[in-house]
file upload-v1.cif (mmCIF, C-alpha atoms and all ligand atoms)
data_entry
loop_
_atom_site.label_atom_id
_atom_site.label_comp_id
_atom_site.auth_asym_id
_atom_site.auth_seq_id
_atom_site.Cartn_x
_atom_site.Cartn_y
_atom_site.Cartn_z
CA MET A 1 14.95 7.47 -8.66
CA THR A 2 15.75 3.88 -7.69
CA THR A 3 16.17 2.24 -4.28
CA ARG A 4 19.63 0.68 -4.21
CA SER A 5 21.24 0.63 -0.77
CA GLY A 6 23.64 -2.11 -1.83
CA GLY A 7 23.95 -5.53 -0.24
CA PHE A 8 21.15 -7.90 -1.16
CA ARG A 9 19.85 -5.67 -3.96
CA ASP A 10 23.26 -5.29 -5.63
CA ARG A 11 23.83 -9.03 -5.41
CA GLN A 12 20.41 -10.11 -6.57
CA LEU A 13 19.44 -7.67 -9.33
CA GLY A 14 21.66 -9.26 -11.99
CA PRO A 15 20.45 -12.83 -11.26
CA THR A 16 16.84 -11.55 -11.12
CA LEU A 17 17.04 -10.01 -14.61
CA ALA A 18 18.89 -13.02 -16.05
CA HIS A 19 16.31 -15.39 -14.60
CA ALA A 20 13.34 -13.28 -15.74
CA ALA A 21 14.77 -13.05 -19.28
CA ARG A 22 14.18 -16.82 -19.60
CA HIS A 23 10.44 -16.32 -19.05
CA PRO A 24 8.53 -16.23 -22.38
CA PHE A 25 6.77 -12.98 -21.48
CA TYR A 26 9.95 -11.05 -20.63
CA ARG A 27 11.85 -12.60 -23.54
CA GLU A 28 9.28 -11.00 -25.81
CA HIS A 29 8.70 -7.81 -23.76
CA TRP A 30 12.42 -7.06 -23.59
CA ALA A 31 13.31 -8.25 -27.10
CA ARG A 32 14.44 -4.79 -28.22
CA HIS A 33 16.98 -4.64 -25.38
CA ARG A 34 18.58 -8.03 -25.92
CA ASP A 35 21.49 -6.68 -27.97
CA THR A 36 22.54 -4.05 -25.47
CA SER A 37 21.88 -6.02 -22.30
CA GLY A 38 25.39 -7.47 -22.08
CA ALA A 39 26.99 -4.03 -22.15
CA LEU A 40 25.05 -2.54 -19.24
CA ASP A 41 25.32 -3.10 -15.54
CA PRO A 42 22.11 -4.48 -14.01
CA TRP A 43 20.98 -1.09 -12.66
CA GLU A 44 21.44 0.59 -16.04
CA LEU A 45 19.63 -2.29 -17.67
CA LEU A 46 16.71 -2.07 -15.23
CA ALA A 47 16.48 1.67 -15.96
CA ALA A 48 16.36 0.99 -19.71
CA LEU A 49 13.83 -1.87 -19.67
CA PRO A 50 10.18 -1.11 -20.46
CA PRO A 51 7.79 -1.24 -17.49
CA THR A 52 5.48 -4.19 -16.91
CA GLU A 53 1.79 -3.33 -16.65
CA LYS A 54 -1.07 -4.75 -14.66
CA ARG A 55 -2.62 -6.39 -17.71
CA HIS A 56 0.59 -8.36 -18.30
CA LEU A 57 0.54 -9.86 -14.83
CA SER A 58 -2.78 -11.62 -15.07
CA GLU A 59 -2.55 -12.63 -18.71
CA ASP A 60 1.09 -13.23 -19.55
CA ILE A 61 3.19 -14.04 -16.52
CA SER A 62 2.26 -17.68 -16.24
CA PRO A 63 4.34 -19.95 -13.98
CA MET A 64 7.65 -21.09 -15.46
CA LEU A 65 8.78 -24.42 -14.01
CA ASP A 66 12.21 -26.02 -14.32
CA ASP A 67 12.79 -29.76 -14.22
CA GLY A 68 11.80 -31.13 -10.84
CA ASP A 69 9.97 -27.94 -9.79
CA GLU A 70 6.78 -28.57 -7.93
CA ILE A 71 4.04 -26.04 -7.16
CA VAL A 72 3.35 -26.10 -3.44
CA GLY A 73 1.35 -22.93 -2.86
CA VAL A 74 -1.02 -20.48 -4.51
CA GLY A 75 -1.59 -16.84 -3.64
CA PHE A 76 -3.57 -14.19 -5.42
CA SER A 77 -3.88 -10.47 -5.58
CA SER A 78 -7.15 -8.88 -4.50
CA GLY A 79 -8.08 -7.62 -7.94
CA SER A 80 -9.71 -4.66 -6.19
CA THR A 81 -7.97 -2.26 -8.55
CA GLY A 82 -7.91 -4.39 -11.69
CA SER A 83 -7.78 -8.01 -12.68
CA ALA A 84 -6.48 -10.45 -10.09
CA MET A 85 -3.16 -12.22 -10.49
CA THR A 86 -2.67 -15.80 -9.38
CA ARG A 87 0.77 -16.42 -7.90
CA TYR A 88 2.21 -19.89 -7.74
CA PHE A 89 5.01 -20.83 -5.38
CA THR A 90 7.38 -23.68 -6.00
CA ALA A 91 9.09 -25.86 -3.41
CA ARG A 92 12.43 -24.36 -4.47
CA GLU A 93 11.23 -20.80 -3.93
CA ARG A 94 9.77 -21.68 -0.54
CA THR A 95 13.11 -23.20 0.57
CA LEU A 96 15.26 -20.33 -0.72
CA VAL A 97 12.96 -17.61 0.64
CA GLY A 98 12.79 -19.44 3.97
CA ALA A 99 16.60 -19.39 4.19
CA PHE A 100 16.60 -15.67 3.35
CA ALA A 101 14.03 -14.94 6.06
CA GLN A 102 16.02 -16.98 8.58
CA ALA A 103 19.24 -15.14 7.76
CA ALA A 104 17.44 -11.82 8.17
CA ALA A 105 15.90 -12.93 11.48
CA GLY A 106 19.33 -14.09 12.68
CA ALA A 107 20.58 -10.55 12.21
CA ALA A 108 17.96 -9.24 14.65
CA PRO A 109 19.13 -8.67 18.22
CA ALA A 110 18.74 -11.75 20.38
CA GLY A 111 18.09 -12.06 24.09
CA GLY A 112 14.99 -11.78 26.24
CA PRO A 113 11.70 -13.55 25.64
CA ARG A 114 10.21 -13.52 22.16
CA PRO A 115 7.40 -10.99 21.86
CA LEU A 116 3.87 -12.16 21.06
CA ARG A 117 2.18 -10.60 18.04
CA LEU A 118 -1.50 -10.93 17.29
CA ASP A 119 -1.99 -11.11 13.54
CA PHE A 120 -5.33 -10.58 11.87
CA LEU A 121 -5.60 -13.20 9.17
CA SER A 122 -5.60 -11.88 5.63
CA THR A 123 -5.85 -13.96 2.52
CA TRP A 124 -4.28 -11.37 0.29
CA HIS A 125 -1.63 -8.73 0.22
CA GLY A 126 1.82 -10.04 -0.17
CA VAL A 127 3.20 -8.95 3.14
CA GLY A 128 4.16 -12.45 4.27
CA GLY A 129 7.57 -13.58 3.23
CA ALA A 130 10.41 -12.30 5.31
CA ASP A 131 9.23 -11.71 8.86
CA THR A 132 12.24 -10.45 10.76
CA SER A 133 10.57 -9.41 14.01
CA GLY A 134 11.26 -12.75 15.73
CA ALA A 135 7.76 -12.59 17.17
CA VAL A 136 5.59 -15.56 18.04
CA LEU A 137 2.32 -15.23 16.17
CA VAL A 138 -1.15 -15.46 17.67
CA PRO A 139 -3.98 -15.54 15.11
CA GLY A 140 -6.90 -13.12 15.41
CA THR A 141 -10.11 -12.58 13.44
CA VAL A 142 -13.07 -10.22 13.53
CA VAL A 143 -15.56 -12.04 11.31
CA ASP A 144 -18.30 -11.95 13.96
CA ASP A 145 -18.87 -11.28 17.69
CA GLU A 146 -17.65 -14.70 18.77
CA HIS A 147 -14.35 -14.32 16.93
CA ALA A 148 -13.89 -10.72 18.05
CA GLU A 149 -14.43 -11.82 21.69
CA ARG A 150 -11.92 -14.62 21.27
CA THR A 151 -9.43 -12.08 19.92
CA VAL A 152 -10.12 -9.84 22.94
CA HIS A 153 -9.51 -12.85 25.19
CA MET A 154 -6.13 -13.57 23.54
CA LEU A 155 -5.07 -9.96 24.12
CA ARG A 156 -6.15 -10.05 27.79
CA ARG A 157 -4.65 -13.38 28.76
CA ARG A 158 -1.24 -14.19 30.24
CA PHE A 159 0.99 -16.77 28.59
CA THR A 160 3.41 -18.95 30.54
CA ALA A 161 5.46 -20.72 27.84
CA PRO A 162 9.27 -20.63 28.34
CA GLY A 163 11.11 -18.07 26.21
CA VAL A 164 7.90 -16.28 25.24
CA ALA A 165 6.54 -12.99 26.60
CA SER A 166 3.59 -13.21 28.98
CA ARG A 167 1.36 -10.73 27.13
CA VAL A 168 0.65 -9.93 23.48
CA SER A 169 2.49 -6.65 22.85
CA MET A 170 2.13 -6.26 19.08
CA LEU A 171 -0.97 -6.08 16.92
CA SER A 172 -0.83 -6.30 13.15
CA GLY A 173 -3.15 -6.80 10.23
CA GLY A 174 -4.92 -5.31 7.27
CA VAL A 175 -6.30 -1.81 7.72
CA VAL A 176 -9.92 -3.00 7.60
CA GLY A 177 -9.37 -5.77 10.18
CA VAL A 178 -7.51 -3.59 12.68
CA HIS A 179 -9.96 -0.72 12.22
CA ALA A 180 -13.04 -2.97 12.56
CA PHE A 181 -11.61 -4.59 15.70
CA THR A 182 -10.74 -1.21 17.23
CA ARG A 183 -14.21 0.12 16.37
CA TYR A 184 -15.70 -2.94 18.13
CA LEU A 185 -13.59 -2.22 21.24
CA VAL A 186 -14.41 1.50 21.31
CA ASP A 187 -18.14 1.16 20.66
CA ASN A 188 -18.47 -1.68 23.20
CA GLY A 189 -16.63 0.34 25.86
CA ILE A 190 -13.65 -2.02 26.23
CA PRO A 191 -10.75 0.06 27.64
CA VAL A 192 -7.25 -0.13 26.20
CA SER A 193 -5.97 -0.69 29.75
CA ASP A 194 -7.22 -4.30 29.43
CA PHE A 195 -4.36 -4.89 27.00
CA ALA A 196 -0.56 -4.51 26.83
CA ILE A 197 -0.13 -3.46 23.19
CA GLY A 198 3.01 -1.41 22.53
CA VAL A 199 2.85 -1.14 18.74
CA VAL A 200 0.21 -1.54 16.02
CA GLY A 201 1.21 -2.41 12.45
CA LEU A 202 -1.04 -1.92 9.41
CA PHE A 203 -0.86 -3.06 5.80
CA GLY A 204 -3.07 -3.51 2.78
CA GLY A 205 -4.89 -0.22 2.48
CA TYR A 206 -4.66 3.52 2.64
CA PRO A 207 -5.73 4.47 6.14
CA GLY A 208 -5.47 8.24 5.77
CA ARG A 209 -4.51 10.75 8.40
CA SER A 210 -7.61 10.82 10.54
CA ARG A 211 -7.90 7.04 10.79
CA LEU A 212 -4.24 6.70 11.82
CA ALA A 213 -4.73 9.43 14.42
CA TRP A 214 -7.89 7.74 15.77
CA LEU A 215 -6.11 4.37 16.05
CA GLY A 216 -3.21 6.04 17.88
CA GLU A 217 -5.62 7.73 20.29
CA TYR A 218 -7.21 4.43 21.27
CA TRP A 219 -4.09 2.25 21.41
CA ARG A 220 -1.86 4.96 22.96
CA CYS A 221 1.18 3.59 21.14
CA PRO A 222 2.87 4.04 17.76
CA VAL A 223 0.71 2.99 14.79
CA LEU A 224 3.01 2.00 11.93
CA ASP A 225 1.55 1.94 8.47
CA SER A 226 3.12 -0.08 5.70
CA PHE A 227 2.66 0.02 1.95
CA SER A 228 2.35 -3.19 0.01
CA VAL A 229 1.11 -4.38 -3.35
CA SER A 230 -0.69 -7.68 -3.42
CA GLU A 231 1.22 -8.81 -6.52
CA CYS A 232 4.56 -8.85 -4.66
CA ARG A 233 5.71 -10.25 -1.38
CA GLY A 234 7.13 -7.73 1.00
CA LYS A 235 6.28 -4.22 2.05
CA ALA A 236 7.61 -0.76 2.74
CA LEU A 237 7.30 0.80 6.17
CA VAL A 238 5.79 4.28 5.91
CA CYS A 239 7.72 6.97 7.83
CA PRO A 240 5.13 8.49 10.21
CA HIS A 241 6.69 11.93 9.78
CA CYS A 242 7.26 12.37 6.04
CA GLY A 243 5.76 9.28 4.40
CA TYR A 244 9.12 7.95 3.15
CA LEU A 245 8.75 4.34 1.99
CA GLU A 246 11.37 2.02 3.43
CA PHE A 247 11.14 -1.06 1.23
CA ASP A 248 12.06 -4.58 2.31
CA PRO A 249 15.43 -5.68 0.82
CA GLN A 250 13.78 -7.96 -1.75
CA LEU A 251 11.93 -5.05 -3.36
CA VAL A 252 13.45 -2.42 -5.66
CA ALA A 253 11.37 0.72 -6.19
CA GLN A 254 11.65 3.10 -9.14
CA ALA A 255 9.95 6.40 -9.98
CA VAL A 256 8.72 6.39 -13.60
CA ALA A 257 7.58 9.61 -15.31
CA LEU A 258 3.83 10.27 -15.57
CA ASP A 259 3.70 10.21 -19.35
CA SER A 260 6.83 8.37 -20.50
CA PRO A 261 8.80 5.27 -19.47
CA GLU A 262 11.75 7.42 -18.31
CA LEU A 263 12.89 7.37 -14.68
CA VAL A 264 12.67 10.65 -12.77
CA THR A 265 14.60 12.00 -9.78
CA ALA A 266 12.18 14.73 -8.67
CA GLY A 267 8.50 15.57 -8.60
CA THR A 268 5.48 13.32 -9.02
CA ALA A 269 5.84 9.92 -10.69
CA ARG A 270 4.43 6.43 -11.10
CA LEU A 271 5.78 3.70 -8.85
CA ALA A 272 7.40 0.61 -10.34
CA VAL A 273 8.60 -2.30 -8.18
CA THR A 274 10.83 -5.29 -8.85
CA GLU A 275 10.78 -8.41 -6.70
CA LEU A 276 14.28 -9.83 -6.40
CA TYR A 277 15.23 -13.47 -6.92
CA PRO A 278 14.56 -15.90 -5.22
CA PHE A 279 11.19 -14.21 -4.64
CA GLY A 280 8.92 -14.88 -7.58
CA ILE A 281 11.01 -17.67 -9.13
CA ALA A 282 8.10 -19.10 -11.10
CA GLN A 283 6.59 -15.70 -12.01
CA PRO A 284 9.16 -12.90 -11.94
CA VAL A 285 7.76 -9.40 -11.37
CA VAL A 286 10.15 -6.82 -12.82
CA LYS A 287 9.62 -3.05 -13.09
CA TYR A 288 5.92 -3.47 -12.45
CA LEU A 289 3.79 -0.31 -12.52
CA THR A 290 1.65 -0.75 -9.42
CA GLY A 291 -0.84 2.00 -10.26
CA ASP A 292 0.40 4.14 -7.38
CA LEU A 293 1.52 7.74 -7.57
CA VAL A 294 4.61 8.72 -5.62
CA GLU A 295 6.51 11.90 -4.96
CA VAL A 296 10.29 12.15 -4.68
CA LEU A 297 11.09 13.64 -1.26
CA GLU A 298 13.21 16.79 -1.13
CA ASP A 299 15.00 18.71 1.65
CA THR A 300 11.77 20.55 2.37
CA SER A 301 9.47 17.53 2.42
CA ALA A 302 11.69 14.80 3.97
CA CYS A 303 11.83 14.57 7.77
CA HIS A 304 15.60 14.05 7.81
CA PRO A 305 18.48 13.88 5.30
CA GLY A 306 18.33 10.07 5.06
CA HIS A 307 14.85 10.31 3.53
CA VAL A 308 15.76 12.92 0.87
CA GLY A 309 15.54 11.36 -2.58
CA GLY A 310 13.24 8.61 -1.31
CA LEU A 311 9.63 8.07 -2.31
CA ARG A 312 6.35 8.93 -0.63
CA ARG A 313 3.04 7.50 -1.83
CA ILE A 314 0.39 10.12 -2.63
CA GLY A 315 -2.40 8.11 -4.25
CA ARG A 316 -3.63 6.02 -7.15
CA VAL A 317 -2.92 7.00 -10.74
CA GLU A 318 -6.43 6.34 -12.03
CA THR A 319 -8.40 8.15 -9.32
CA SER A 320 -6.22 11.23 -8.91
CA VAL A 321 -7.23 14.53 -10.50
CA VAL A 322 -4.83 14.97 -13.39
CA ALA A 323 -4.64 17.75 -16.00
CA SER A 324 -2.96 17.46 -19.37
CA VAL A 325 -2.09 20.97 -20.47
CA ASP A 326 0.37 21.91 -23.22
CA GLY A 327 1.57 18.32 -23.49
CA THR A 328 2.48 18.14 -19.81
CA THR A 329 0.72 15.96 -17.25
CA THR A 330 0.17 17.56 -13.84
CA VAL A 331 -1.34 15.90 -10.80
CA LEU A 332 -3.59 18.66 -9.45
CA VAL A 333 -4.99 16.64 -6.53
CA PRO A 334 -3.64 13.16 -5.71
CA SER A 335 -6.31 10.67 -4.67
CA GLN A 336 -4.94 10.36 -1.13
CA VAL A 337 -5.33 14.13 -0.69
CA LEU A 338 -8.91 13.89 -2.01
CA TYR A 339 -9.56 11.05 0.43
CA ASP A 340 -8.10 12.92 3.40
CA ALA A 341 -10.06 16.07 2.49
CA PHE A 342 -13.38 14.21 2.77
CA ASP A 343 -12.47 11.65 5.45
CA ARG A 344 -14.17 13.72 8.15
CA PRO A 345 -17.45 14.01 10.08
CA GLY A 346 -20.22 15.40 7.90
CA VAL A 347 -19.46 13.13 4.92
CA CYS A 348 -21.54 9.99 4.37
CA ARG A 349 -19.68 6.64 4.22
CA ALA A 350 -20.22 3.72 1.94
CA ASP A 351 -22.05 0.99 3.84
CA PHE A 352 -19.73 -1.40 5.55
CA ARG A 353 -20.96 -4.96 5.87
CA SER A 354 -20.18 -5.24 9.54
CA THR A 355 -21.19 -8.46 11.24
CA LEU A 356 -20.14 -7.10 14.63
CA SER A 357 -22.76 -5.97 17.13
CA GLY A 358 -22.52 -2.81 19.15
CA VAL A 359 -20.76 -0.94 16.35
CA THR A 360 -22.55 2.41 16.24
CA VAL A 361 -20.17 4.54 14.18
CA ASN A 362 -19.79 3.68 10.52
CA ASP A 363 -16.40 5.09 9.63
CA LEU A 364 -14.98 1.90 8.20
CA ALA A 365 -15.64 2.39 4.53
CA GLN A 366 -14.77 5.24 2.23
CA PRO A 367 -16.36 8.68 2.09
CA HIS A 368 -18.88 9.31 -0.71
CA VAL A 369 -17.06 11.80 -2.89
CA HIS A 370 -16.79 12.30 -6.62
CA ALA A 371 -14.32 14.64 -8.33
CA SER A 372 -14.62 15.84 -11.92
CA LEU A 373 -12.52 18.23 -13.93
CA SER A 374 -13.67 20.44 -16.80
CA GLU A 375 -12.17 23.31 -18.74
CA THR A 376 -13.64 26.59 -19.95
CA GLU A 377 -11.50 29.07 -21.87
CA GLY A 378 -8.25 27.93 -20.31
CA VAL A 379 -9.57 27.79 -16.74
CA LEU A 380 -9.92 24.38 -15.11
CA ARG A 381 -12.84 23.76 -12.80
CA LEU A 382 -12.56 20.96 -10.25
CA GLN A 383 -15.92 20.04 -8.83
CA CYS A 384 -15.95 17.79 -5.76
CA ARG A 385 -19.42 16.55 -4.86
CA TYR A 386 -19.88 14.75 -1.57
CA ARG A 387 -22.84 13.12 0.08
CA PRO A 388 -23.56 14.71 3.46
CA ASP A 389 -24.27 12.38 6.38
CA ASP A 390 -27.15 13.03 8.79
CA SER A 391 -25.04 14.83 11.40
CA GLY A 392 -25.88 18.30 10.09
CA ILE A 393 -22.17 19.19 10.08
CA ASP A 394 -21.19 21.46 7.18
CA CYS A 395 -17.63 20.48 6.31
CA ALA A 396 -17.41 21.99 2.80
CA GLY A 397 -15.09 24.82 3.90
CA GLU A 398 -12.68 22.47 5.68
CA ALA A 399 -12.64 20.07 2.74
CA LEU A 400 -11.90 22.94 0.34
CA ALA A 401 -9.06 24.18 2.55
CA ALA A 402 -7.62 20.66 2.63
CA LEU A 403 -7.74 20.39 -1.18
CA ARG A 404 -6.08 23.78 -1.55
CA SER A 405 -3.31 22.78 0.85
CA TRP A 406 -1.83 20.56 -1.88
CA PRO A 407 0.92 22.69 -3.52
CA ALA A 408 -0.04 22.02 -7.16
CA ALA A 409 -3.73 22.82 -6.53
CA ARG A 410 -2.84 25.96 -4.62
CA ALA A 411 -0.36 27.16 -7.24
CA TRP A 412 -2.84 26.69 -10.09
CA ALA A 413 -5.64 28.32 -8.09
CA ASP A 414 -3.45 31.29 -7.14
CA ARG A 415 -2.60 31.84 -10.81
CA GLY A 416 -6.29 31.84 -11.69
CA ARG A 417 -6.01 28.66 -13.75
CA LEU A 418 -8.00 26.43 -11.39
CA VAL A 419 -11.30 26.94 -9.59
CA ILE A 420 -12.31 24.38 -6.95
CA ASP A 421 -15.95 23.90 -5.93
CA VAL A 422 -17.04 21.69 -3.07
CA VAL A 423 -20.73 20.83 -3.29
CA ALA A 424 -22.87 18.87 -0.82
CA ASP A 425 -25.06 16.65 -2.99
CA PRO A 426 -27.22 13.90 -1.43
CA ALA A 427 -27.28 12.10 -4.79
CA THR A 428 -23.50 11.52 -4.87
CA ALA A 429 -22.87 7.94 -5.97
CA PRO A 430 -20.86 5.48 -3.84
CA PRO A 431 -17.10 5.76 -4.33
CA ARG A 432 -14.94 3.26 -6.18
CA ALA A 433 -13.24 0.59 -4.16
CA LYS A 434 -9.89 1.70 -2.72
CA PHE A 435 -9.98 5.01 -4.57
CA ALA A 436 -7.32 6.54 -2.35
ZN ZN B 501 10.66 10.55 7.21
#
call {"tool": "encode", "arguments": {"input": "upload-v1.cif", "output": "structure tokens", "more": "lines below"}}
Ligand SMILES: [Zn+2]
result
Amino acid sequence: MTTRSGGFRDRQLGPTLAHAARHPFYREHWARHRDTSGALDPWELLAALPPTEKRHLSEDISPMLDDGDEIVGVGFSSGSTGSAMTRYFTARERTLVGAFAQAAAGAAPAGGPRPLRLDFLSTWHGVGGADTSGAVLVPGTVVDDEHAERTVHMLRRRFTAPGVASRVSMLSGGVVGVHAFTRYLVDNGIPVSDFAIGVVGLFGGYPGRSRLAWLGEYWRCPVLDSFSVSECRGKALVCPHCGYLEFDPQLVAQAVALDSPELVTAGTARLAVTELYPFGIAQPVVKYLTGDLVEVLEDTSACHPGHVGGLRRIGRVETSVVASVDGTTTVLVPSQVLYDAFDRPGVCRADFRSTLSGVTVNDLAQPHVHASLSETEGVLRLQCRYRPDDSGIDCAGEALAALRSWPAARAWADRGRLVIDVVADPATAPPRAKFA
């Protein structure tokens, strides 16, 4: 499965591959395909090329500068799920990408005052790039009480500049920032009626079902999640109904088989993304395996026909529960399902280094849960240990039901090939960062 949708992607894929092929890493990485590359159209070529892995990004994709190129910016990936990648931007890329963003913004409907959007500052995640909302940005931070209060003030105040809305109506930021700010508001008794927010946008994390629902309850407006990888600029909006990922035009997504480099059109797969020229001029990112697991949406899982054949993110490759049986890899429980199963009252959270006062509920960090898989005489046993919190709530039954709601887990359990145990264990170690 590959996102095509024509237009910008059809125009830019060929130039992207031709440009990347000049980079020493890709010249070597794609050497075997050099003879056939002229005979294939760019989409066939992209399907045939070997994926790029995380280790390549940090070690091998150094900046490639042409005569007169000048580095004018540096970004970096978080490194929270592997080694960090440093991304260098040239003056040429900044100019070309700026023109692209302007063209995209020009296509947006005009008229009326520009909306005001409060953005929580984030030093990573590549969401910046092509902002097409036409909004005027107001910066916000939650590093301590003083900054949180200043952010509250910006949301309460009325603006009087010509051509600009009088109130901030959009809130956006990383999951942790928006959640921490909302937790500050809730626990300090600040009512949502003080504000005029009509939409909340999230990026840079895996908020899970209960956190999204809690944010929606407070803000009383749509909460739009987006998927992004910090190695690329751009994002995919997450469909709130079926999870379909609607990628920005500069990103091409592909579904790569779990245990081979082949592309797949159904089932569970690994996500690969390509950043189209002129994004990533100095360091092209082509067919990059992000470490995410996706599922190809079908008639039964997509919310409407337009989302059939698209991708939905279901977790991380390395923290999902995966069985290799008879030479076939099966994802028994994706990490996002594991997260959602234990993201509930009764499960202890990792400590969150909150510098905000008045925050009484620690639901910011991840639940303490550890899953392990073993096999005895052909029967798999999945043991999920969690650390109970001090609420006295026994949530083992609900967590088990949530795990069994995943079709692969249920099917294997029904056939007697999988037994799932959920065990409350106060000694459960803290979870890995961003395990979902
Ligand atoms: Zn949908």
call {"tool": "closest_residue", "arguments": {"input": "upload-v1.cif", "among": "A:Gly234, A:Gly98, A:Pro426, A:Pro431", "to": "A:Pro388", "atoms": "only C-alpha atoms"}}
result
A:Pro426
call {"tool": "closest_residue", "arguments": {"input": "upload-v1.cif", "among": "A:Gly327, A:Gly208, A:Pro50, A:Gly309", "to": "ligand ZN 501 (chain B)", "atoms": "all atoms listed in the file"}}
result
A:Gly309
call {"tool": "residues_around", "arguments": {"input": "upload-v1.cif", "residues": "stretch 267-271 of chain A", "least_positions_apart": "3", "cutoff": "12 Å", "atoms": "all atoms listed in the file", "output": "PyMOL selection string"}}
result
chain A and resi 1-3+51-53+227-229+245+252-264+274+287-298+301+309-318+320+322+329-334+407-408
call {"tool": "residues_around", "arguments": {"input": "upload-v1.cif", "residues": "stretch 363-380 of chain A", "least_positions_apart": "4", "cutoff": "8 Å", "atoms": "all atoms listed in the file", "output": "NGL selection string"}}
result
:A and (176 or 179-180 or 321 or 339 or 342-343 or 347-352 or 384-387 or 416-419 or 428-431 or 434)
call {"tool": "residues_near_ligand", "arguments": {"input": "upload-v1.cif", "ligand": "ligand ZN 501 (chain B)", "cutoff": "7 Å", "atoms": "only C-alpha atoms and all ligand atoms", "output": "PDB file with C-alpha atoms, in the coordinates of the input"}}
result
ATOM      1  CA  CYS A 239       7.720   6.970   7.830  1.00  0.00           C
ATOM      2  CA  PRO A 240       5.130   8.490  10.210  1.00  0.00           C
ATOM      3  CA  HIS A 241       6.690  11.930   9.780  1.00  0.00           C
ATOM      4  CA  CYS A 242       7.260  12.370   6.040  1.00  0.00           C
ATOM      5  CA  GLY A 243       5.760   9.280   4.400  1.00  0.00           C
ATOM      6  CA  TYR A 244       9.120   7.950   3.150  1.00  0.00           C
ATOM      7  CA  ALA A 302      11.690  14.800   3.970  1.00  0.00           C
ATOM      8  CA  CYS A 303      11.830  14.570   7.770  1.00  0.00           C
ATOM      9  CA  HIS A 304      15.600  14.050   7.810  1.00  0.00           C
ATOM     10  CA  HIS A 307      14.850  10.310   3.530  1.00  0.00           C
TER      11      HIS A 307
END
call {"tool": "closest_residue", "arguments": {"input": "upload-v1.cif", "among": "A:Tyr26, A:Asp225, A:Pro42, A:Val273", "to": "A:Ala213", "atoms": "only C-alpha atoms"}}
result
A:Asp225
call {"tool": "closest_residue", "arguments": {"input": "upload-v1.cif", "among": "A:Ala436, A:Ala148, A:Leu116, A:Ala272", "to": "A:Ser335", "atoms": "only C-alpha atoms"}}
result
A:Ala436
call {"tool": "residues_around", "arguments": {"input": "upload-v1.cif", "residues": "A:Arg404", "least_positions_apart": "3", "cutoff": "10 Å", "atoms": "all atoms listed in the file", "output": "ChimeraX atom specification"}}
result
/A:332-333,337,341,398-401,407-414,420
call {"tool": "atom_distance", "arguments": {"input": "upload-v1.cif", "atom1": "atom CA of A:Gln336", "atom2": "atom CA of A:Val175"}}
result
15.1 Å
call {"tool": "residues_around", "arguments": {"input": "upload-v1.cif", "residues": "A:Tyr277", "least_positions_apart": "3", "cutoff": "9 Å", "atoms": "all atoms listed in the file", "output": "VMD selection string"}}
result
chain A and resid 12 to 13 15 to 17 19 93 97 250 280 to 281 284
call {"tool": "closest_residue", "arguments": {"input": "upload-v1.cif", "among": "A:Leu338, A:Ala48, A:Ala101, A:Val361", "to": "A:Val422", "atoms": "all atoms listed in the file"}}
result
A:Leu338
call {"tool": "atom_distance", "arguments": {"input": "upload-v1.cif", "atom1": "atom CA of A:Arg220", "atom2": "atom CA of A:Met170"}}
result
12.5 Å
call {"tool": "atom_distance", "arguments": {"input": "upload-v1.cif", "atom1": "atom CA of A:Val178", "atom2": "atom CA of A:Phe279"}}
result
27.6 Å
call {"tool": "residues_near_point", "arguments": {"input": "upload-v1.cif", "point": "(-20.4, 1.8, 16.5)", "cutoff": "9 Å", "atoms": "all atoms listed in the file", "output": "list of chain:residue names"}}
result
A:Arg183, A:Tyr184, A:Val186, A:Asp187, A:Asn188, A:Ser357, A:Gly358, A:Val359, A:Thr360, A:Val361, A:Asn362, A:Asp363
call {"tool": "write_last_selection", "arguments": {"input": "upload-v1.cif", "atoms": "C-alpha atoms", "output": "PDB file, in the coordinates of the input"}}
result
ATOM      1  CA  ARG A 183     -14.210   0.120  16.370  1.00  0.00           C
ATOM      2  CA  TYR A 184     -15.700  -2.940  18.130  1.00  0.00           C
ATOM      3  CA  VAL A 186     -14.410   1.500  21.310  1.00  0.00           C
ATOM      4  CA  ASP A 187     -18.140   1.160  20.660  1.00  0.00           C
ATOM      5  CA  ASN A 188     -18.470  -1.680  23.200  1.00  0.00           C
ATOM      6  CA  SER A 357     -22.760  -5.970  17.130  1.00  0.00           C
ATOM      7  CA  GLY A 358     -22.520  -2.810  19.150  1.00  0.00           C
ATOM      8  CA  VAL A 359     -20.760  -0.940  16.350  1.00  0.00           C
ATOM      9  CA  THR A 360     -22.550   2.410  16.240  1.00  0.00           C
ATOM     10  CA  VAL A 361     -20.170   4.540  14.180  1.00  0.00           C
ATOM     11  CA  ASN A 362     -19.790   3.680  10.520  1.00  0.00           C
ATOM     12  CA  ASP A 363     -16.400   5.090   9.630  1.00  0.00           C
TER      13      ASP A 363
END
call {"tool": "residues_around", "arguments": {"input": "upload-v1.cif", "residues": "A:His153", "least_positions_apart": "2", "cutoff": "12 Å", "atoms": "all atoms listed in the file", "output": "list in words"}}
result
Leu118, Val138, Pro139, Gly140, Thr141, Glu146, His147, Ala148, Glu149, Arg150, Thr151, Leu155, Arg156, Arg157, Arg158, Phe159, Arg167, Val168, Ile190, Asp194 and Phe195 of chain A
